[in-house]
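Quick notes on the structure that follows.
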Amino acid sequence: MGVRLMVIDDHRLLAEALASALKLRGHRVLAAAAPTSGAAELVVSRAPEICLFGTAAPAEPGTFDPIVRIRRERPQTAVVVLGPVPSPRGIAAAFAAGAAGYVRHDERIEGVERAIAKARAGEAAIAPQLLQGAFAELLNPAAQPDDEGRRLLQMLTPREVEVLVRVAEGEDTRLIAAGMRIAPSTARTHVQRVLMKLGVGSRLEAAALAARTGLLDRAAPGMPQGPDSVG
């Protein structure tokens, strides 16, 4: 049985070629489009089962922002990234944004179909060796300093940095409010501002992004301590 899917790539010819190949194999392609910056709008409006998201720069900041929005507004759609031979950091970024899989651009059409089937079934659609590298990057972000962490840190106020650290440590709104000696409503406001500035849709995504970029390691030494910190 064919899958309802969309193919989006910054290179329209690649998107259309892949879409044509998938149509010939019995899949229902709702759209083949470019650029990837418009992926979220198309997915939300067309509601495919799978979105194939092609990118040439998986490690660039902001590349997977559309996936974050798709996962927030259309969580039923699984997104599989099509990219170059990646660094572990690029794969980690894709999964931190909410992707269900990562397939190399030079994969055969049969490999793309296998990834589609796995993503549709709720499985991780990625070669084991690539997944191992991504996990290593997520679990040990300090091993490779990332300028993205510094950029994100500069976007946050000292109080918001403290909130992010507490979110990453698993504190809920009540604990954040008690630890910072602020009202729960104020804590919720700080959390929402942090999510908005980081461009993520949940606390879990914020924590994953902070870990992946090394932001937490940068933030910890200068984090405000105790009730005398100014917010």
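Quick note on naming: the chains in the structure tokens go A, B, ... in the order shown, residues restart at 1 in each chain, and ligands are numbered from 1 in order of appearance.
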
Q: Give me every strand (DSSP E) residue in segment 2-194 of chain A, going by DSSP on the backbone, as a list of chain:residue names.
A: A:Arg4, A:Leu5, A:Met6, A:Val7, A:Ile8, A:Asp9, A:Arg28, A:Val29, A:Leu30, A:Ala31, A:Ala32, A:Ala33, A:Ile50, A:Cys51, A:Leu52, A:Phe53, A:Gly54, A:Ala78, A:Val79, A:Val80, A:Val81, A:Leu82, A:Gly83, A:Gly101, A:Tyr102, A:Val103, A:Arg104

Q: Just the residues within 10 Å of Arg71 of chain A, please, counting only C-alpha atoms, with nothing from its chain fewer than 3 positions along; format it as an NGL selection string.
A: :A and (40 or 44 or 66-68 or 74-79 or 97-99 or 200-201)

Give me the segment 4-66 of chain A side of the contact with segment 148-164 of chain A, cut-off 12 Å, one line per residue showing its nearest atom pair and distance in Å at one decimal, counting only C-alpha atoms, sorted by chain and residue number, as JSON lines.
```
{"residue": "A:Ala59", "atom": "CA", "partner": "A:Glu148", "partner_atom": "CA", "distance": 10.1}
{"residue": "A:Glu60", "atom": "CA", "partner": "A:Glu148", "partner_atom": "CA", "distance": 9.0}
{"residue": "A:Pro61", "atom": "CA", "partner": "A:Glu148", "partner_atom": "CA", "distance": 6.9}
{"residue": "A:Gly62", "atom": "CA", "partner": "A:Glu148", "partner_atom": "CA", "distance": 9.9}
```

Save the residues we just selected, C-alpha atoms, as a CSV table (one decimal), in the first residue's frame?
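Full text of again.csv as output:
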```
chain,number,residue,atom,x,y,z
A,59,ALA,CA,24.9,21.1,10.6
A,60,GLU,CA,24.0,24.8,9.8
A,61,PRO,CA,22.1,26.6,12.6
A,62,GLY,CA,18.4,26.9,11.8
```

**Q.** Selection: 12 Å around Ala207 of chain A, only C-alpha atoms, excl. self and same-chain fewer than 6 positions, as a PyMOL selection string
**A.** chain A and resi 96-97+138-139+161+163-171+191+194-195+198+200-201+213-216

Q. Skipping near chain neighbours, those fewer than 5 positions away, what residues fall within 12 Å of segment 45-51 of chain A using only C-alpha atoms, listed as a ChimeraX atom specification?
A. /A:2-9,15,19,27-33,36,38-40,66-67,70-71,73-82,99-102,112-113,115-122,125

Q | Atom-to-atom span, atom CA of Leu24 of chain A and atom CA of Arg12 of chain A, Å | A |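 Between atom CA of Leu24 of chain A and atom CA of Arg12 of chain A the gap works out to 18.4 Å.
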
Q: For atom CA of Thr186 of chain A and atom CA of Arg174 of chain A, quote the distance in Å rounded to one decimal.
A: 10.6 Å

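With atom CA of Ala127 of chain A on one side and atom CA of Leu52 of chain A on the other, the separation reads 16.3 Å.
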
Q: Would you please work out which residue, of A:Leu22, A:Met196, A:Ala92, A:Ala187, is nearest to Leu209 of chain A when using only C-alpha atoms?
A: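 Closest candidate: A:Ala92.
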